[in-house]
>>> print(open('work-v3.pdb').read())   # PDB, C-alpha atoms and all ligand atoms
MODEL        1
ATOM      1  CA  THR A   1     -60.176 -19.377   6.157
ATOM      2  CA  SER A   2     -60.921 -16.225   8.103
ATOM      3  CA  PRO A   3     -58.555 -13.259   7.804
ATOM      4  CA  LYS A   4     -55.650 -13.237  10.244
ATOM      5  CA  ILE A   5     -55.374  -9.464  10.082
ATOM      6  CA  ARG A   6     -58.147  -6.895  10.468
ATOM      7  CA  VAL A   7     -57.387  -3.349   9.401
ATOM      8  CA  ASP A   8     -59.356  -0.354  10.634
ATOM      9  CA  PHE A   9     -58.363   2.739   8.696
ATOM     10  CA  ASP A  10     -59.606   6.130   9.849
ATOM     11  CA  GLN A  11     -59.393   8.415   6.849
ATOM     12  CA  SER A  12     -59.977  11.547   8.906
ATOM     13  CA  THR A  13     -56.886  10.985  11.067
ATOM     14  CA  GLY A  14     -54.769   9.037   8.564
ATOM     15  CA  VAL A  15     -54.206   6.304  11.137
ATOM     16  CA  ALA A  16     -54.695   2.597  10.525
ATOM     17  CA  VAL A  17     -54.977  -0.016  13.249
ATOM     18  CA  MET A  18     -53.902  -3.531  12.391
ATOM     19  CA  HIS A  19     -55.454  -6.136  14.673
ATOM     20  CA  MET A  20     -53.716  -9.491  14.617
ATOM     21  CA  GLN A  21     -56.451 -12.080  15.013
ATOM     22  CA  SER A  22     -54.927 -15.482  14.405
ATOM     23  CA  PRO A  23     -55.975 -17.840  17.218
ATOM     24  CA  PRO A  24     -54.782 -18.931  19.606
ATOM     25  CA  VAL A  25     -51.612 -16.834  19.930
ATOM     26  CA  ASN A  26     -50.988 -14.874  16.681
ATOM     27  CA  SER A  27     -47.975 -16.990  15.843
ATOM     28  CA  PHE A  28     -46.290 -16.107  12.555
ATOM     29  CA  SER A  29     -47.016 -18.882  10.103
ATOM     30  CA  LEU A  30     -46.165 -18.464   6.427
ATOM     31  CA  ASP A  31     -49.849 -17.703   5.757
ATOM     32  CA  PHE A  32     -49.934 -15.133   8.543
ATOM     33  CA  LEU A  33     -46.789 -13.399   7.305
ATOM     34  CA  THR A  34     -48.028 -13.328   3.715
ATOM     35  CA  GLU A  35     -51.309 -11.758   4.746
ATOM     36  CA  PHE A  36     -49.573  -9.329   7.086
ATOM     37  CA  CYS A  37     -47.198  -8.126   4.378
ATOM     38  CA  ILE A  38     -49.989  -7.641   1.843
ATOM     39  CA  SER A  39     -51.989  -5.542   4.335
ATOM     40  CA  LEU A  40     -48.906  -3.547   5.252
ATOM     41  CA  GLU A  41     -47.999  -2.900   1.631
ATOM     42  CA  LYS A  42     -51.502  -1.595   0.875
ATOM     43  CA  LEU A  43     -51.284   0.874   3.752
ATOM     44  CA  GLU A  44     -47.743   1.890   2.826
ATOM     45  CA  MET A  45     -48.873   2.731  -0.736
ATOM     46  CA  ASP A  46     -51.851   4.750   0.477
ATOM     47  CA  LYS A  47     -50.722   8.369   0.669
ATOM     48  CA  GLY A  48     -53.561   9.096   3.071
ATOM     49  CA  CYS A  49     -52.219   6.636   5.630
ATOM     50  CA  ARG A  50     -49.546   8.260   7.810
ATOM     51  CA  GLY A  51     -49.677   6.218  10.978
ATOM     52  CA  LEU A  52     -49.970   2.546  11.842
ATOM     53  CA  ILE A  53     -50.823   0.975  15.179
ATOM     54  CA  ILE A  54     -50.239  -2.759  15.487
ATOM     55  CA  THR A  55     -52.191  -4.618  18.133
ATOM     56  CA  SER A  56     -53.769  -7.979  18.912
ATOM     57  CA  SER A  57     -57.341  -9.153  19.197
ATOM     58  CA  GLN A  58     -56.267 -12.252  21.098
ATOM     59  CA  PRO A  59     -56.611 -12.023  24.867
ATOM     60  CA  LYS A  60     -53.350 -11.970  26.873
ATOM     61  CA  VAL A  61     -51.073 -12.300  23.848
ATOM     62  CA  PHE A  62     -49.620  -9.756  21.445
ATOM     63  CA  SER A  63     -47.849 -12.471  19.452
ATOM     64  CA  ALA A  64     -46.119 -15.744  20.359
ATOM     65  CA  GLY A  65     -43.556 -15.025  17.641
ATOM     66  CA  LEU A  66     -42.643 -17.382  14.849
ATOM     67  CA  ASP A  67     -44.838 -20.415  14.482
ATOM     68  CA  ILE A  68     -42.593 -23.160  15.819
ATOM     69  CA  LEU A  69     -44.444 -25.703  13.688
ATOM     70  CA  GLU A  70     -43.104 -23.892  10.593
ATOM     71  CA  MET A  71     -39.583 -24.720  11.751
ATOM     72  CA  TYR A  72     -40.193 -28.284  12.901
ATOM     73  CA  GLY A  73     -40.149 -31.262  10.546
ATOM     74  CA  LYS A  74     -40.313 -29.129   7.409
ATOM     75  CA  SER A  75     -38.339 -29.494   4.177
ATOM     76  CA  PRO A  76     -35.350 -27.202   3.573
ATOM     77  CA  GLU A  77     -37.251 -25.568   0.671
ATOM     78  CA  ARG A  78     -40.228 -24.797   2.861
ATOM     79  CA  CYS A  79     -37.974 -23.495   5.667
ATOM     80  CA  GLY A  80     -36.299 -21.185   3.156
ATOM     81  CA  GLU A  81     -39.617 -19.862   1.932
ATOM     82  CA  PHE A  82     -40.746 -19.283   5.497
ATOM     83  CA  TRP A  83     -37.565 -17.453   6.442
ATOM     84  CA  LYS A  84     -37.811 -15.200   3.411
ATOM     85  CA  ALA A  85     -41.277 -14.161   4.611
ATOM     86  CA  VAL A  86     -39.913 -13.403   8.088
ATOM     87  CA  GLN A  87     -37.203 -11.229   6.544
ATOM     88  CA  GLU A  88     -39.822  -9.492   4.403
ATOM     89  CA  MET A  89     -41.956  -8.621   7.402
ATOM     90  CA  TRP A  90     -38.988  -7.142   9.242
ATOM     91  CA  LEU A  91     -37.690  -5.216   6.234
ATOM     92  CA  LYS A  92     -41.098  -3.707   5.498
ATOM     93  CA  LEU A  93     -41.826  -2.753   9.096
ATOM     94  CA  TYR A  94     -38.399  -1.472  10.037
ATOM     95  CA  SER A  95     -38.229   0.715   6.933
ATOM     96  CA  SER A  96     -41.838   1.880   6.972
ATOM     97  CA  ASN A  97     -42.449   5.509   6.076
ATOM     98  CA  MET A  98     -45.441   5.545   8.378
ATOM     99  CA  VAL A  99     -45.243   6.293  12.073
ATOM    100  CA  THR A 100     -45.532   2.819  13.565
ATOM    101  CA  MET A 101     -46.654   2.025  17.069
ATOM    102  CA  ALA A 102     -46.986  -1.265  18.892
ATOM    103  CA  ALA A 103     -49.919  -1.500  21.273
ATOM    104  CA  VAL A 104     -48.594  -4.482  23.223
ATOM    105  CA  CYS A 105     -51.657  -5.748  25.040
ATOM    106  CA  GLY A 106     -50.205  -9.110  26.100
ATOM    107  CA  SER A 107     -47.151 -11.344  26.027
ATOM    108  CA  SER A 108     -44.694 -10.828  23.236
ATOM    109  CA  PRO A 109     -41.860 -13.358  23.095
ATOM    110  CA  ALA A 110     -39.243 -13.745  20.339
ATOM    111  CA  GLY A 111     -40.667 -12.777  16.931
ATOM    112  CA  GLY A 112     -43.485 -10.927  18.713
ATOM    113  CA  CYS A 113     -40.905  -8.817  20.501
ATOM    114  CA  LEU A 114     -39.088  -8.296  17.203
ATOM    115  CA  MET A 115     -42.262  -7.002  15.594
ATOM    116  CA  ALA A 116     -42.797  -4.564  18.473
ATOM    117  CA  LEU A 117     -39.140  -3.489  18.247
ATOM    118  CA  THR A 118     -39.525  -2.494  14.595
ATOM    119  CA  CYS A 119     -42.051   0.139  15.599
ATOM    120  CA  ASP A 120     -41.211   3.749  16.383
ATOM    121  CA  TYR A 121     -42.849   3.520  19.812
ATOM    122  CA  ARG A 122     -44.078   0.764  22.135
ATOM    123  CA  ILE A 123     -46.874   0.962  24.673
ATOM    124  CA  MET A 124     -47.415  -2.103  26.842
ATOM    125  CA  ALA A 125     -50.137  -3.201  29.254
ATOM    126  CA  ASP A 126     -48.836  -2.992  32.833
ATOM    127  CA  ASN A 127     -50.028  -6.511  33.704
ATOM    128  CA  PRO A 128     -47.178  -8.377  35.484
ATOM    129  CA  ARG A 129     -48.348 -11.680  34.000
ATOM    130  CA  TYR A 130     -47.191 -10.539  30.564
ATOM    131  CA  SER A 131     -43.652 -10.715  29.306
ATOM    132  CA  ILE A 132     -41.600  -9.514  26.372
ATOM    133  CA  GLY A 133     -38.122 -10.323  25.094
ATOM    134  CA  LEU A 134     -35.965 -12.288  22.697
ATOM    135  CA  ASN A 135     -36.008 -15.718  24.372
ATOM    136  CA  GLU A 136     -34.583 -17.694  21.430
ATOM    137  CA  THR A 137     -31.713 -19.276  23.372
ATOM    138  CA  GLN A 138     -34.268 -20.838  25.704
ATOM    139  CA  LEU A 139     -35.488 -22.838  22.706
ATOM    140  CA  GLY A 140     -31.910 -23.792  21.830
ATOM    141  CA  ILE A 141     -31.952 -21.525  18.788
ATOM    142  CA  VAL A 142     -30.095 -18.321  18.007
ATOM    143  CA  ALA A 143     -31.614 -14.928  17.270
ATOM    144  CA  PRO A 144     -30.137 -13.823  13.907
ATOM    145  CA  PHE A 145     -27.947 -10.723  13.571
ATOM    146  CA  TRP A 146     -30.820  -8.497  12.475
ATOM    147  CA  PHE A 147     -32.905  -9.470  15.517
ATOM    148  CA  ARG A 148     -29.883  -8.571  17.629
ATOM    149  CA  ASP A 149     -29.279  -5.312  15.776
ATOM    150  CA  THR A 150     -32.897  -4.232  16.215
ATOM    151  CA  MET A 151     -32.666  -4.962  19.943
ATOM    152  CA  ALA A 152     -29.271  -3.273  20.326
ATOM    153  CA  ASN A 153     -30.514  -0.189  18.448
ATOM    154  CA  THR A 154     -33.255   0.049  21.070
ATOM    155  CA  VAL A 155     -31.693  -0.903  24.412
ATOM    156  CA  GLY A 156     -27.945  -0.748  23.740
ATOM    157  CA  HIS A 157     -25.176  -3.294  23.302
ATOM    158  CA  ARG A 158     -24.578  -4.407  26.887
ATOM    159  CA  THR A 159     -28.231  -4.955  27.758
ATOM    160  CA  THR A 160     -28.686  -6.859  24.500
ATOM    161  CA  GLU A 161     -25.663  -9.034  25.278
ATOM    162  CA  ILE A 162     -27.216 -10.147  28.549
ATOM    163  CA  ALA A 163     -30.782 -10.343  27.248
ATOM    164  CA  LEU A 164     -29.922 -12.499  24.244
ATOM    165  CA  GLN A 165     -27.524 -14.904  25.906
ATOM    166  CA  LEU A 166     -29.939 -15.631  28.723
ATOM    167  CA  GLY A 167     -33.038 -15.400  26.501
ATOM    168  CA  ILE A 168     -34.660 -13.131  29.056
ATOM    169  CA  LEU A 169     -38.392 -12.516  29.017
ATOM    170  CA  TYR A 170     -38.956  -9.256  30.881
ATOM    171  CA  SER A 171     -41.961  -8.216  32.915
ATOM    172  CA  PRO A 172     -43.527  -4.959  31.732
ATOM    173  CA  SER A 173     -41.852  -2.938  34.487
ATOM    174  CA  GLU A 174     -38.423  -4.458  33.743
ATOM    175  CA  ALA A 175     -38.989  -3.874  30.032
ATOM    176  CA  LEU A 176     -39.759  -0.224  30.734
ATOM    177  CA  LYS A 177     -36.639   0.109  32.872
ATOM    178  CA  ILE A 178     -34.285  -1.086  30.122
ATOM    179  CA  GLY A 179     -36.161   0.850  27.413
ATOM    180  CA  LEU A 180     -37.484  -2.216  25.631
ATOM    181  CA  VAL A 181     -40.900  -0.562  25.827
ATOM    182  CA  ASP A 182     -41.517   3.179  26.077
ATOM    183  CA  GLN A 183     -44.613   3.393  28.231
ATOM    184  CA  LEU A 184     -46.818   1.235  30.455
ATOM    185  CA  VAL A 185     -50.518   1.860  30.848
ATOM    186  CA  PRO A 186     -53.464  -0.068  32.304
ATOM    187  CA  GLU A 187     -54.597  -2.855  30.048
ATOM    188  CA  ASP A 188     -57.780  -1.154  28.860
ATOM    189  CA  GLN A 189     -55.905   1.997  27.846
ATOM    190  CA  VAL A 190     -53.224   0.557  25.579
ATOM    191  CA  LEU A 191     -54.967   1.315  22.308
ATOM    192  CA  THR A 192     -56.355   4.712  23.308
ATOM    193  CA  THR A 193     -52.926   5.796  24.548
ATOM    194  CA  ALA A 194     -51.376   4.660  21.273
ATOM    195  CA  THR A 195     -53.931   6.726  19.377
ATOM    196  CA  GLN A 196     -53.199   9.804  21.502
ATOM    197  CA  THR A 197     -49.438   9.365  21.178
ATOM    198  CA  MET A 198     -49.836   8.987  17.429
ATOM    199  CA  THR A 199     -51.334  12.480  17.225
ATOM    200  CA  LYS A 200     -48.153  13.902  18.707
ATOM    201  CA  TRP A 201     -45.929  12.054  16.220
ATOM    202  CA  LEU A 202     -48.109  13.060  13.276
ATOM    203  CA  ALA A 203     -47.722  16.734  14.186
ATOM    204  CA  ILE A 204     -44.155  16.519  12.819
ATOM    205  CA  PRO A 205     -43.831  17.087   9.051
ATOM    206  CA  ASP A 206     -43.652  13.665   7.380
ATOM    207  CA  HIS A 207     -40.662  14.306   5.130
ATOM    208  CA  ALA A 208     -38.406  15.513   7.938
ATOM    209  CA  ARG A 209     -39.415  12.686  10.236
ATOM    210  CA  GLN A 210     -39.075  10.051   7.496
ATOM    211  CA  ILE A 211     -35.570  11.147   6.503
ATOM    212  CA  THR A 212     -34.562  11.145  10.154
ATOM    213  CA  LYS A 213     -36.001   7.673  10.683
ATOM    214  CA  SER A 214     -34.211   6.396   7.607
ATOM    215  CA  MET A 215     -30.933   7.940   8.773
ATOM    216  CA  MET A 216     -31.232   6.031  12.054
ATOM    217  CA  ARG A 217     -32.227   2.694  10.536
ATOM    218  CA  LYS A 218     -30.723   2.463   7.051
ATOM    219  CA  PRO A 219     -27.363   0.897   7.984
ATOM    220  CA  THR A 220     -29.181  -1.887   9.860
ATOM    221  CA  ILE A 221     -31.590  -2.472   6.985
ATOM    222  CA  ASP A 222     -28.828  -2.445   4.354
ATOM    223  CA  LYS A 223     -26.986  -5.170   6.256
ATOM    224  CA  LEU A 224     -29.817  -7.633   5.727
ATOM    225  CA  THR A 225     -30.765  -6.420   2.247
ATOM    226  CA  SER A 226     -27.245  -7.110   1.042
ATOM    227  CA  SER A 227     -27.076 -10.586   2.566
ATOM    228  CA  ARG A 228     -30.597 -11.961   2.349
ATOM    229  CA  GLU A 229     -29.726 -15.107   0.445
ATOM    230  CA  ALA A 230     -26.847 -16.009   2.765
ATOM    231  CA  ASP A 231     -29.097 -15.368   5.762
ATOM    232  CA  ILE A 232     -31.692 -17.765   4.337
ATOM    233  CA  GLN A 233     -29.056 -20.431   3.706
ATOM    234  CA  ASN A 234     -27.755 -19.947   7.212
ATOM    235  CA  PHE A 235     -31.209 -20.318   8.722
ATOM    236  CA  VAL A 236     -32.063 -23.411   6.680
ATOM    237  CA  SER A 237     -28.845 -25.252   7.482
ATOM    238  CA  PHE A 238     -29.160 -24.368  11.181
ATOM    239  CA  ILE A 239     -32.816 -25.179  11.671
ATOM    240  CA  THR A 240     -32.710 -28.518   9.825
ATOM    241  CA  LYS A 241     -29.905 -29.893  12.032
ATOM    242  CA  ASP A 242     -30.962 -32.955  14.044
ATOM    243  CA  SER A 243     -29.826 -31.409  17.319
ATOM    244  CA  ILE A 244     -31.847 -28.230  16.677
ATOM    245  CA  GLN A 245     -34.921 -30.195  15.641
ATOM    246  CA  LYS A 246     -34.599 -32.102  18.896
ATOM    247  CA  SER A 247     -34.443 -28.879  20.928
ATOM    248  CA  LEU A 248     -37.573 -27.624  19.185
ATOM    249  CA  ARG A 249     -39.386 -30.884  19.887
ATOM    250  CA  LEU A 250     -38.525 -30.703  23.572
ATOM    251  CA  TYR A 251     -39.666 -27.085  23.713
ATOM    252  CA  LEU A 252     -42.975 -27.917  22.031
ATOM    253  CA  GLU A 253     -43.519 -30.753  24.519
ATOM    254  CA  MET A 254     -42.751 -28.366  27.368
ATOM    255  CA  LEU A 255     -45.341 -25.899  26.034
ATOM    256  CA  LYS A 256     -47.996 -28.615  25.941
ATOM    257  CA  LYS A 257     -47.110 -29.977  29.405
ATOM    258  CA  ARG A 258     -47.137 -26.558  31.017
ATOM    259  CA  ARG A 259     -50.667 -26.233  29.792
ATOM    260  CA  GLY A 260     -51.689 -29.716  31.035
TER     261      GLY A 260
HETATM  262  N1  LIG B 301     -45.607 -21.572  17.668
HETATM  263  C1  LIG B 301     -46.507 -22.568  17.559
HETATM  264  N2  LIG B 301     -47.425 -22.852  18.514
HETATM  265  C2  LIG B 301     -47.427 -22.102  19.623
HETATM  266  C3  LIG B 301     -46.511 -21.054  19.800
HETATM  267  C4  LIG B 301     -45.565 -20.784  18.758
HETATM  268  N3  LIG B 301     -44.661 -19.792  18.830
HETATM  269  N4  LIG B 301     -46.744 -20.475  21.000
HETATM  270  C5  LIG B 301     -47.774 -21.153  21.549
HETATM  271  N5  LIG B 301     -48.201 -22.131  20.731
HETATM  272  C6  LIG B 301     -49.319 -23.052  20.942
HETATM  273  C7  LIG B 301     -49.195 -23.838  22.230
HETATM  274  O1  LIG B 301     -48.402 -24.985  22.050
HETATM  275  C8  LIG B 301     -50.632 -24.169  22.523
HETATM  276  O2  LIG B 301     -51.007 -25.229  21.674
HETATM  277  P1  LIG B 301     -52.137 -26.318  22.140
HETATM  278  O3  LIG B 301     -53.392 -25.526  22.291
HETATM  279  O4  LIG B 301     -52.158 -27.285  21.011
HETATM  280  O5  LIG B 301     -51.619 -26.902  23.419
HETATM  281  C9  LIG B 301     -51.388 -22.928  22.050
HETATM  282  O6  LIG B 301     -50.499 -22.278  21.121
HETATM  283  C10 LIG B 301     -51.718 -21.950  23.163
HETATM  284  O7  LIG B 301     -50.540 -21.674  23.904
HETATM  285  P2  LIG B 301     -50.538 -21.545  25.507
HETATM  286  O8  LIG B 301     -51.496 -22.509  26.104
HETATM  287  O9  LIG B 301     -49.111 -21.602  25.948
HETATM  288  O10 LIG B 301     -51.128 -20.050  25.651
HETATM  289  P3  LIG B 301     -50.924 -19.033  26.864
HETATM  290  O11 LIG B 301     -51.932 -17.957  26.641
HETATM  291  O12 LIG B 301     -50.871 -19.734  28.173
HETATM  292  O13 LIG B 301     -49.449 -18.414  26.637
HETATM  293  C11 LIG B 301     -47.654 -17.558  25.314
HETATM  294  C12 LIG B 301     -49.174 -17.651  25.512
HETATM  295  C13 LIG B 301     -47.020 -16.739  26.438
HETATM  296  C14 LIG B 301     -47.415 -16.852  23.986
HETATM  297  C15 LIG B 301     -47.056 -18.970  25.308
HETATM  298  O14 LIG B 301     -47.803 -19.768  24.397
HETATM  299  C16 LIG B 301     -45.618 -19.058  24.916
HETATM  300  O15 LIG B 301     -44.738 -18.709  25.684
HETATM  301  N6  LIG B 301     -45.337 -19.535  23.678
HETATM  302  C17 LIG B 301     -44.009 -19.771  23.201
HETATM  303  C18 LIG B 301     -43.481 -18.524  22.594
HETATM  304  C19 LIG B 301     -42.078 -18.710  22.084
HETATM  305  O16 LIG B 301     -41.181 -19.136  22.771
HETATM  306  N7  LIG B 301     -41.892 -18.345  20.807
HETATM  307  C20 LIG B 301     -40.627 -18.434  20.195
HETATM  308  C21 LIG B 301     -40.794 -18.669  18.734
HETATM  309  S1  LIG B 301     -39.186 -18.545  17.936
HETATM  310  C22 LIG B 301     -39.149 -16.973  17.264
HETATM  311  O17 LIG B 301     -40.115 -16.271  17.266
HETATM  312  C23 LIG B 301     -37.874 -16.452  16.656
HETATM  313  C24 LIG B 301     -37.035 -17.513  16.107
HETATM  314  C25 LIG B 301     -35.814 -16.998  15.394
HETATM  315  C26 LIG B 301     -35.239 -18.101  14.550
HETATM  316  C27 LIG B 301     -33.794 -18.286  14.764
HETATM  317  C28 LIG B 301     -33.345 -19.618  14.249
HETATM  318  C29 LIG B 301     -31.994 -19.591  13.673
ENDMDL
END
>>> encode(input="work-v3.pdb", output="structure tokens", more="lines below")
Ligand code: CO8
Amino acid sequence: TSPKIRVDFDQSTGVAVMHMQSPPVNSFSLDFLTEFCISLEKLEMDKGCRGLIITSSQPKVFSAGLDILEMYGKSPERCGEFWKAVQEMWLKLYSSNMVTMAAVCGSSPAGGCLMALTCDYRIMADNPRYSIGLNETQLGIVAPFWFRDTMANTVGHRTTEIALQLGILYSPSEALKIGLVDQLVPEDQVLTTATQTMTKWLAIPDHARQITKSMMRKPTIDKLTSSREADIQNFVSFITKDSIQKSLRLYLEMLKKRRG
């Protein structure tokens, strides 16, 4: 199978660009997450790599979030394995020593939004057809506490309370207004703007910036690290419920129909 992640690393600038290229919509399957984490780990270990830009090669979509088919009709063991990989992705990204930037060149619901939120800075294409947000409740499922924490750390408690209950998908301009993204640019300038912005961030001495980043994020990271197993159990017992499986089935049917 072809790689789901392509990494371009520019040794002269110390910046790597990760292109998600898993058709059609870069959804996070177990295979995708495994490959993503291996690529990320390699970059993290490379002392020459100081900055990471995450973007998508798929047109119109940054990422559709978790692969719903990984949560539908699967055994509890498999669901647990999948969830552990989701946790791993979040832990690695949210605690990365690199400067991380999301070049959000398309829609970014649920897990896609989470991935963007783990970055230090988000640049989104100003196309009103795109949307971003944690829409889990619309699928009849619940964004876990660490999804919520990541959102609240970015946009504040009250906005998160509304966004998560209603499962709001924001247009780029709304997302900018609430601070869910930091900057909007024309579609063809998302990556170049990320590269330029990266230069500014990399002008700060790494050690000082890294300690500051860790100070901001460590309490949130520690919360999951200290309760990973319970969080997996919680996910597995929730997602395997008949009523939840039914909600997911209806949502999948809706996705197909909408396309029809
Ligand atoms: N998982 C699996 N398949 C998907 C997903 C997904 N997340 N998203 C889209 N697909 C499929 C579609 O069904 C379609 O399949 P097919 O070709 O067989 O009909 C194909 O991908 C292409 O999709 P579209 O035709 O819809 O593509 P568009 O370019 O029109 O739209 C979007 C792209 C905007 C990304 C759109 O596909 C969409 O809105 N997808 C749904 C996204 C979504 O709601 N994701 C939520 C996933 S849940 C999550 O990430 C966090 C869960 C936390 C767990 C908590 C539990 C306790």
>>> residues_around(input="work-v3.pdb", residues="Ala116 of chain A", least_positions_apart="5", cutoff="12 Å", atoms="only C-alpha atoms", output="MDAnalysis selection string")
chainID A and resid 53:56 62:65 89:90 93:94 100:111 121:124 132:134 147 150:151 154 180:182
>>> write_last_selection(input="work-v3.pdb", atoms="C-alpha atoms", output="PDB file, keeping the file's coordinate frame")
ATOM      1  CA  ILE A  53     -50.823   0.975  15.179  1.00  0.00           C
ATOM      2  CA  ILE A  54     -50.239  -2.759  15.487  1.00  0.00           C
ATOM      3  CA  THR A  55     -52.191  -4.618  18.133  1.00  0.00           C
ATOM      4  CA  SER A  56     -53.769  -7.979  18.912  1.00  0.00           C
ATOM      5  CA  PHE A  62     -49.620  -9.756  21.445  1.00  0.00           C
ATOM      6  CA  SER A  63     -47.849 -12.471  19.452  1.00  0.00           C
ATOM      7  CA  ALA A  64     -46.119 -15.744  20.359  1.00  0.00           C
ATOM      8  CA  GLY A  65     -43.556 -15.025  17.641  1.00  0.00           C
ATOM      9  CA  MET A  89     -41.956  -8.621   7.402  1.00  0.00           C
ATOM     10  CA  TRP A  90     -38.988  -7.142   9.242  1.00  0.00           C
ATOM     11  CA  LEU A  93     -41.826  -2.753   9.096  1.00  0.00           C
ATOM     12  CA  TYR A  94     -38.399  -1.472  10.037  1.00  0.00           C
ATOM     13  CA  THR A 100     -45.532   2.819  13.565  1.00  0.00           C
ATOM     14  CA  MET A 101     -46.654   2.025  17.069  1.00  0.00           C
ATOM     15  CA  ALA A 102     -46.986  -1.265  18.892  1.00  0.00           C
ATOM     16  CA  ALA A 103     -49.919  -1.500  21.273  1.00  0.00           C
ATOM     17  CA  VAL A 104     -48.594  -4.482  23.223  1.00  0.00           C
ATOM     18  CA  CYS A 105     -51.657  -5.748  25.040  1.00  0.00           C
ATOM     19  CA  GLY A 106     -50.205  -9.110  26.100  1.00  0.00           C
ATOM     20  CA  SER A 107     -47.151 -11.344  26.027  1.00  0.00           C
ATOM     21  CA  SER A 108     -44.694 -10.828  23.236  1.00  0.00           C
ATOM     22  CA  PRO A 109     -41.860 -13.358  23.095  1.00  0.00           C
ATOM     23  CA  ALA A 110     -39.243 -13.745  20.339  1.00  0.00           C
ATOM     24  CA  GLY A 111     -40.667 -12.777  16.931  1.00  0.00           C
ATOM     25  CA  TYR A 121     -42.849   3.520  19.812  1.00  0.00           C
ATOM     26  CA  ARG A 122     -44.078   0.764  22.135  1.00  0.00           C
ATOM     27  CA  ILE A 123     -46.874   0.962  24.673  1.00  0.00           C
ATOM     28  CA  MET A 124     -47.415  -2.103  26.842  1.00  0.00           C
ATOM     29  CA  ILE A 132     -41.600  -9.514  26.372  1.00  0.00           C
ATOM     30  CA  GLY A 133     -38.122 -10.323  25.094  1.00  0.00           C
ATOM     31  CA  LEU A 134     -35.965 -12.288  22.697  1.00  0.00           C
ATOM     32  CA  PHE A 147     -32.905  -9.470  15.517  1.00  0.00           C
ATOM     33  CA  THR A 150     -32.897  -4.232  16.215  1.00  0.00           C
ATOM     34  CA  MET A 151     -32.666  -4.962  19.943  1.00  0.00           C
ATOM     35  CA  THR A 154     -33.255   0.049  21.070  1.00  0.00           C
ATOM     36  CA  LEU A 180     -37.484  -2.216  25.631  1.00  0.00           C
ATOM     37  CA  VAL A 181     -40.900  -0.562  25.827  1.00  0.00           C
ATOM     38  CA  ASP A 182     -41.517   3.179  26.077  1.00  0.00           C
TER      39      ASP A 182
END
>>> atom_distance(input="work-v3.pdb", atom1="atom O8 of ligand LIG 301 (chain B)", atom2="atom CA of Glu187 of chain A")
20.3 Å
>>> resolve_selection(input="work-v3.pdb", expression="the PyMOL selection byres (((chain A and resi 135-142) around 9) and not hetatm)", output="MDAnalysis selection string")
chainID A and resid 109:110 132:134 143:144 163:169 238:239 244 247:248 250:251
>>> atom_distance(input="work-v3.pdb", atom1="atom CA of Thr34 of chain A", atom2="atom CA of Cys113 of chain A")
18.8 Å
>>> atom_distance(input="work-v3.pdb", atom1="atom CA of Asp67 of chain A", atom2="atom CA of Lys246 of chain A")
16.2 Å
>>> resolve_selection(input="work-v3.pdb", expression="the PyMOL selection byres (((chain A and resi 96) around 10) and not hetatm)", output="MDAnalysis selection string")
chainID A and resid 40:41 44 51:52 90:95 97:100 118:120 210 213:214
>>> write_last_selection(input="work-v3.pdb", atoms="C-alpha atoms", output="compact mmCIF listing (two decimals), in the frame of the given file")
# COMPACT_ATOMS: atom_id res chain seq x y z
CA LEU A 40 -48.91 -3.55 5.25
CA GLU A 41 -48.00 -2.90 1.63
CA GLU A 44 -47.74 1.89 2.83
CA GLY A 51 -49.68 6.22 10.98
CA LEU A 52 -49.97 2.55 11.84
CA TRP A 90 -38.99 -7.14 9.24
CA LEU A 91 -37.69 -5.22 6.23
CA LYS A 92 -41.10 -3.71 5.50
CA LEU A 93 -41.83 -2.75 9.10
CA TYR A 94 -38.40 -1.47 10.04
CA SER A 95 -38.23 0.72 6.93
CA ASN A 97 -42.45 5.51 6.08
CA MET A 98 -45.44 5.54 8.38
CA VAL A 99 -45.24 6.29 12.07
CA THR A 100 -45.53 2.82 13.56
CA THR A 118 -39.52 -2.49 14.60
CA CYS A 119 -42.05 0.14 15.60
CA ASP A 120 -41.21 3.75 16.38
CA GLN A 210 -39.08 10.05 7.50
CA LYS A 213 -36.00 7.67 10.68
CA SER A 214 -34.21 6.40 7.61
>>> closest_residue(input="work-v3.pdb", among="A:Glu81, A:Glu35, A:Glu70, A:Asp149", to="ligand LIG 301 (chain B)", atoms="only C-alpha atoms and all ligand atoms")
A:Glu70
>>> resolve_selection(input="work-v3.pdb", expression="the PyMOL selection byres (((chain A and resi 234) around 12) and not hetatm)", output="number ranges by chain")
A: 76, 79-80, 83-84, 142-145, 227-233, 235-241
>>> write_last_selection(input="work-v3.pdb", atoms="C-alpha atoms", output="CSV table (one decimal), keeping the file's coordinate frame")
chain,number,residue,atom,x,y,z
A,76,PRO,CA,-35.4,-27.2,3.6
A,79,CYS,CA,-38.0,-23.5,5.7
A,80,GLY,CA,-36.3,-21.2,3.2
A,83,TRP,CA,-37.6,-17.5,6.4
A,84,LYS,CA,-37.8,-15.2,3.4
A,142,VAL,CA,-30.1,-18.3,18.0
A,143,ALA,CA,-31.6,-14.9,17.3
A,144,PRO,CA,-30.1,-13.8,13.9
A,145,PHE,CA,-27.9,-10.7,13.6
A,227,SER,CA,-27.1,-10.6,2.6
A,228,ARG,CA,-30.6,-12.0,2.3
A,229,GLU,CA,-29.7,-15.1,0.4
A,230,ALA,CA,-26.8,-16.0,2.8
A,231,ASP,CA,-29.1,-15.4,5.8
A,232,ILE,CA,-31.7,-17.8,4.3
A,233,GLN,CA,-29.1,-20.4,3.7
A,235,PHE,CA,-31.2,-20.3,8.7
A,236,VAL,CA,-32.1,-23.4,6.7
A,237,SER,CA,-28.8,-25.3,7.5
A,238,PHE,CA,-29.2,-24.4,11.2
A,239,ILE,CA,-32.8,-25.2,11.7
A,240,THR,CA,-32.7,-28.5,9.8
A,241,LYS,CA,-29.9,-29.9,12.0
